[in-house]
Amino acid sequence: MLAVSPNTKIIDLIDSSNASMMRLNPRGARRSSEEKARELEISGMVSGKNILITGAAAGLGNAFFNHFLQFGAKKICIIDIDEASSRKIVNAVEKSHGPNKVFFLHADVSKQTEITAAFKEAISLMKSPIDIIINNAGILDERRWEREVAVNLTGMITVSMLAIEHMGKDKGGAGGVLVNIAEHSRVQYTAQLPVYYATKQAIVSLSQSLGAPSNTERTGVRVITLCPGLTETALTIDSPNKLLSRVMKADFVKSLEQLTIQTPYVVAQGLMWILRIGESASIWVIENGQSPYEVFVPQCRSLQRHYKNNFTVSENKIMSKGRPIRETGSKKQRKGSGMYSVHVSARSPHEGRAPGAPPDSEIVYKQQHHERRRESLALRIFNYIRQHFQPEPQPGIFNVKCLSKESYQL
């Protein structure tokens, strides 16, 4: 659990510990055969690849960088605005792996000219196409929400478009993988971070659109969305001081204390596996230090409720003595289920039928076999209105004359 005091300040994650920055397996040297096999599979996906990471100077980006280095990436390019921290990383890698393994380019992702120039220089330094791009750079500062939108949304879009342009087969590239880092939507403190979460939700839609099958077939670029849960980074630790209003701070800290925090190492480890099995336009969540899992966003049409004559009633074991009710669903579904979906019909009993013809067979009165019956409040109101005012039904609409004698069309 994360306990954050009101006086919490930014912690330099690089200098806060004397531990080596390249320590990649904090769980110890013992590994099961299954873990070894998984690492071999991941190594086959990453080994010999050129990687570009935005925002890799600290936090999640730095954990991603360490894992790519561990699994044998050919060359890695870091794009960040934190030059001091990035230089430390480059110097450490040069001592352990030699020169020309890691490159640092200073660029602000919110400025299109800078990030465009950085992409061109990265390709020139690597002397070969980029294979995997991790679009990670982001900030949290609700008081400077214009800057927040510029980095988290505009910057993400710019990097995504440049990735498609440089890796796309239709543009002369060899294809590749683009991973956009969003945020897990189930984290329950969005009330205090409206702009931040608006930008993160937009990233999910952006990735799904760019990763659609028609686009992937054309470009050869898999676009994957990674949504980490609450993770121990400098951005998270200092978040109580970046809220829109100081009044929100107490509630925000209280909500943080109820969540389970995970380390960047766990998220980076999950990303390595996602790169191997993740399909284009897929959305992956890593939370509570657990293994990654895929989530699916339902289509709007699958959530749509279908209305008949603009008035639908669903009630448990209902009985209506009022206006004719049209039953829906098969007999098998209705029998013994205790749940009936009924639609109030607004047409005249004789509409569309010849004089003297029997009533429409699909219009029936639902009668229960038990003497004790309960009607919902909606049906009781409906029956009361019908009993006392008896409006004339008109085709296609349902008119109710209320006590004020006004007519409403529902």
# chains A, B, ... in the order shown; residues from 1 in each chain; ligands from 1
>>> select_by_dssp(residues="segment 42-279 of chain A", states="strand (DSSP E)", output="ChimeraX atom specification")
/A:50-54,75-80,102-106,132-135,176-181,221-228
>>> residues_around(residues="segment 59-63 of chain A", least_positions_apart="4", cutoff="8 Å", atoms="only C-alpha atoms", output="list in words")
Leu13, Ile53, Thr54, Gly55, His67, Asn136, Ala137, Glu232, Thr233, Ala234, Leu235, Pro264, Tyr265, Val267 and Ala268 of chain A
>>> atom_distance(atom1="atom CA of Gln269 of chain A", atom2="atom CA of Asn288 of chain A")
13.5 Å
>>> residues_around(residues="segment 243-255 of chain A", least_positions_apart="3", cutoff="6 Å", atoms="only C-alpha atoms", output="list in words")
Glu142, Arg143, Pro240 and Gln258 of chain A
>>> atom_distance(atom1="atom CA of Asp141 of chain A", atom2="atom CA of Gln290 of chain A")
28.0 Å
>>> residues_around(residues="Ile132 of chain A", least_positions_apart="5", cutoff="8 Å", atoms="only C-alpha atoms", output="MDAnalysis selection string")
chainID A and resid 49:52 176:179
>>> closest_residue(among="A:Pro228, A:Pro194, A:Leu140, A:Ala73", to="Asn241 of chain A", atoms="only C-alpha atoms")
A:Leu140
>>> atom_distance(atom1="atom CA of Ala281 of chain A", atom2="atom CA of Ile76 of chain A")
24.4 Å
>>> closest_residue(among="A:Val195, A:Leu210, A:Val102, A:Ile277", to="Met126 of chain A", atoms="only C-alpha atoms")
A:Val102
>>> closest_residue(among="A:Ser282, A:Val151, A:Lys75, A:Thr116", to="Gly98 of chain A", atoms="only C-alpha atoms")
A:Lys75
>>> decode(residues="segment 90-194 of chain A", atoms="C-alpha atoms", output="PDB file, in the first residue's frame")
ATOM      1  CA  VAL A  90      24.155   6.366 -21.242  1.00  0.00           C
ATOM      2  CA  ASN A  91      27.435   6.562 -19.308  1.00  0.00           C
ATOM      3  CA  ALA A  92      26.521   3.521 -17.182  1.00  0.00           C
ATOM      4  CA  VAL A  93      25.668   1.448 -20.258  1.00  0.00           C
ATOM      5  CA  GLU A  94      28.845   2.458 -22.081  1.00  0.00           C
ATOM      6  CA  LYS A  95      30.907   1.138 -19.168  1.00  0.00           C
ATOM      7  CA  SER A  96      29.099  -2.223 -19.137  1.00  0.00           C
ATOM      8  CA  HIS A  97      28.218  -2.762 -22.810  1.00  0.00           C
ATOM      9  CA  GLY A  98      30.578  -0.527 -24.716  1.00  0.00           C
ATOM     10  CA  PRO A  99      29.870   2.490 -26.954  1.00  0.00           C
ATOM     11  CA  ASN A 100      27.164   2.872 -29.612  1.00  0.00           C
ATOM     12  CA  LYS A 101      24.709   0.735 -27.686  1.00  0.00           C
ATOM     13  CA  VAL A 102      22.521   3.491 -26.251  1.00  0.00           C
ATOM     14  CA  PHE A 103      21.872   6.966 -27.645  1.00  0.00           C
ATOM     15  CA  PHE A 104      20.262   9.962 -25.990  1.00  0.00           C
ATOM     16  CA  LEU A 105      18.403  12.694 -27.873  1.00  0.00           C
ATOM     17  CA  HIS A 106      17.029  15.765 -26.156  1.00  0.00           C
ATOM     18  CA  ALA A 107      13.524  16.617 -27.391  1.00  0.00           C
ATOM     19  CA  ASP A 108      10.176  17.817 -26.081  1.00  0.00           C
ATOM     20  CA  VAL A 109       7.425  15.535 -27.410  1.00  0.00           C
ATOM     21  CA  SER A 110       4.912  18.392 -27.249  1.00  0.00           C
ATOM     22  CA  LYS A 111       6.938  20.309 -29.874  1.00  0.00           C
ATOM     23  CA  GLN A 112       6.484  18.724 -33.262  1.00  0.00           C
ATOM     24  CA  THR A 113       9.633  20.187 -34.813  1.00  0.00           C
ATOM     25  CA  GLU A 114      11.854  18.840 -32.016  1.00  0.00           C
ATOM     26  CA  ILE A 115      10.424  15.335 -31.955  1.00  0.00           C
ATOM     27  CA  THR A 116      10.426  15.077 -35.756  1.00  0.00           C
ATOM     28  CA  ALA A 117      14.101  16.026 -35.875  1.00  0.00           C
ATOM     29  CA  ALA A 118      14.845  13.545 -33.078  1.00  0.00           C
ATOM     30  CA  PHE A 119      13.223  10.699 -35.025  1.00  0.00           C
ATOM     31  CA  LYS A 120      15.319  11.416 -38.090  1.00  0.00           C
ATOM     32  CA  GLU A 121      18.494  11.603 -36.020  1.00  0.00           C
ATOM     33  CA  ALA A 122      17.650   8.349 -34.221  1.00  0.00           C
ATOM     34  CA  ILE A 123      17.351   6.480 -37.510  1.00  0.00           C
ATOM     35  CA  SER A 124      20.642   7.990 -38.639  1.00  0.00           C
ATOM     36  CA  LEU A 125      22.443   6.950 -35.436  1.00  0.00           C
ATOM     37  CA  MET A 126      21.073   3.401 -35.473  1.00  0.00           C
ATOM     38  CA  LYS A 127      21.936   3.035 -39.174  1.00  0.00           C
ATOM     39  CA  SER A 128      18.929   0.748 -39.590  1.00  0.00           C
ATOM     40  CA  PRO A 129      15.128   0.969 -39.216  1.00  0.00           C
ATOM     41  CA  ILE A 130      13.459   1.158 -35.807  1.00  0.00           C
ATOM     42  CA  ASP A 131      11.641  -2.060 -34.857  1.00  0.00           C
ATOM     43  CA  ILE A 132       9.854  -1.193 -31.583  1.00  0.00           C
ATOM     44  CA  ILE A 133       8.713   2.221 -30.319  1.00  0.00           C
ATOM     45  CA  ILE A 134       7.536   2.725 -26.724  1.00  0.00           C
ATOM     46  CA  ASN A 135       5.447   5.917 -26.582  1.00  0.00           C
ATOM     47  CA  ASN A 136       5.780   6.556 -22.862  1.00  0.00           C
ATOM     48  CA  ALA A 137       6.477  10.249 -22.175  1.00  0.00           C
ATOM     49  CA  GLY A 138       3.859  11.881 -19.967  1.00  0.00           C
ATOM     50  CA  ILE A 139       3.312  14.269 -17.070  1.00  0.00           C
ATOM     51  CA  LEU A 140       0.751  14.860 -14.330  1.00  0.00           C
ATOM     52  CA  ASP A 141       0.023  18.487 -13.447  1.00  0.00           C
ATOM     53  CA  GLU A 142      -3.640  19.455 -13.278  1.00  0.00           C
ATOM     54  CA  ARG A 143      -2.780  23.069 -12.482  1.00  0.00           C
ATOM     55  CA  ARG A 144      -0.952  23.352 -15.806  1.00  0.00           C
ATOM     56  CA  TRP A 145      -3.520  21.371 -17.740  1.00  0.00           C
ATOM     57  CA  GLU A 146      -2.637  23.003 -21.072  1.00  0.00           C
ATOM     58  CA  ARG A 147       0.876  21.596 -20.734  1.00  0.00           C
ATOM     59  CA  GLU A 148      -0.593  18.284 -19.606  1.00  0.00           C
ATOM     60  CA  VAL A 149      -2.707  18.037 -22.752  1.00  0.00           C
ATOM     61  CA  ALA A 150       0.234  19.105 -24.929  1.00  0.00           C
ATOM     62  CA  VAL A 151       2.494  16.338 -23.589  1.00  0.00           C
ATOM     63  CA  ASN A 152       0.070  13.510 -22.805  1.00  0.00           C
ATOM     64  CA  LEU A 153      -2.178  13.852 -25.839  1.00  0.00           C
ATOM     65  CA  THR A 154      -0.591  16.022 -28.536  1.00  0.00           C
ATOM     66  CA  GLY A 155       2.818  14.485 -27.892  1.00  0.00           C
ATOM     67  CA  MET A 156       1.398  10.965 -27.989  1.00  0.00           C
ATOM     68  CA  ILE A 157      -0.361  11.650 -31.277  1.00  0.00           C
ATOM     69  CA  THR A 158       2.771  13.180 -32.810  1.00  0.00           C
ATOM     70  CA  VAL A 159       4.981  10.238 -31.821  1.00  0.00           C
ATOM     71  CA  SER A 160       2.353   7.743 -33.025  1.00  0.00           C
ATOM     72  CA  MET A 161       2.116   9.404 -36.425  1.00  0.00           C
ATOM     73  CA  LEU A 162       5.903   9.532 -36.760  1.00  0.00           C
ATOM     74  CA  ALA A 163       6.100   5.856 -35.785  1.00  0.00           C
ATOM     75  CA  ILE A 164       3.595   4.875 -38.479  1.00  0.00           C
ATOM     76  CA  GLU A 165       5.421   7.042 -41.005  1.00  0.00           C
ATOM     77  CA  HIS A 166       8.887   5.601 -40.312  1.00  0.00           C
ATOM     78  CA  MET A 167       7.915   1.953 -39.730  1.00  0.00           C
ATOM     79  CA  GLY A 168       4.946   1.653 -42.108  1.00  0.00           C
ATOM     80  CA  LYS A 169       5.430  -0.667 -45.069  1.00  0.00           C
ATOM     81  CA  ASP A 170       3.340   1.647 -47.225  1.00  0.00           C
ATOM     82  CA  LYS A 171       5.946   4.352 -46.516  1.00  0.00           C
ATOM     83  CA  GLY A 172       8.923   2.156 -47.335  1.00  0.00           C
ATOM     84  CA  GLY A 173       9.476   0.816 -43.806  1.00  0.00           C
ATOM     85  CA  ALA A 174       9.694  -2.759 -42.598  1.00  0.00           C
ATOM     86  CA  GLY A 175       6.814  -2.702 -40.123  1.00  0.00           C
ATOM     87  CA  GLY A 176       7.181  -2.956 -36.371  1.00  0.00           C
ATOM     88  CA  VAL A 177       5.458  -2.491 -33.024  1.00  0.00           C
ATOM     89  CA  LEU A 178       4.145   0.704 -31.412  1.00  0.00           C
ATOM     90  CA  VAL A 179       3.184   0.572 -27.730  1.00  0.00           C
ATOM     91  CA  ASN A 180       1.255   3.536 -26.337  1.00  0.00           C
ATOM     92  CA  ILE A 181       1.283   3.839 -22.541  1.00  0.00           C
ATOM     93  CA  ALA A 182      -2.108   4.873 -21.144  1.00  0.00           C
ATOM     94  CA  GLU A 183      -3.551   4.358 -17.656  1.00  0.00           C
ATOM     95  CA  HIS A 184      -5.731   1.723 -16.067  1.00  0.00           C
ATOM     96  CA  SER A 185      -9.271   3.155 -16.030  1.00  0.00           C
ATOM     97  CA  ARG A 186     -10.300   1.208 -12.905  1.00  0.00           C
ATOM     98  CA  VAL A 187      -8.043   3.298 -10.646  1.00  0.00           C
ATOM     99  CA  GLN A 188     -10.616   5.047  -8.476  1.00  0.00           C
ATOM    100  CA  TYR A 189      -9.393   8.602  -8.147  1.00  0.00           C
ATOM    101  CA  THR A 190     -10.367  10.130 -11.470  1.00  0.00           C
ATOM    102  CA  ALA A 191     -12.445  12.810  -9.734  1.00  0.00           C
ATOM    103  CA  GLN A 192      -9.264  14.615  -8.714  1.00  0.00           C
ATOM    104  CA  LEU A 193      -7.481  14.131 -12.063  1.00  0.00           C
ATOM    105  CA  PRO A 194     -10.032  15.035 -14.759  1.00  0.00           C
TER     106      PRO A 194
END
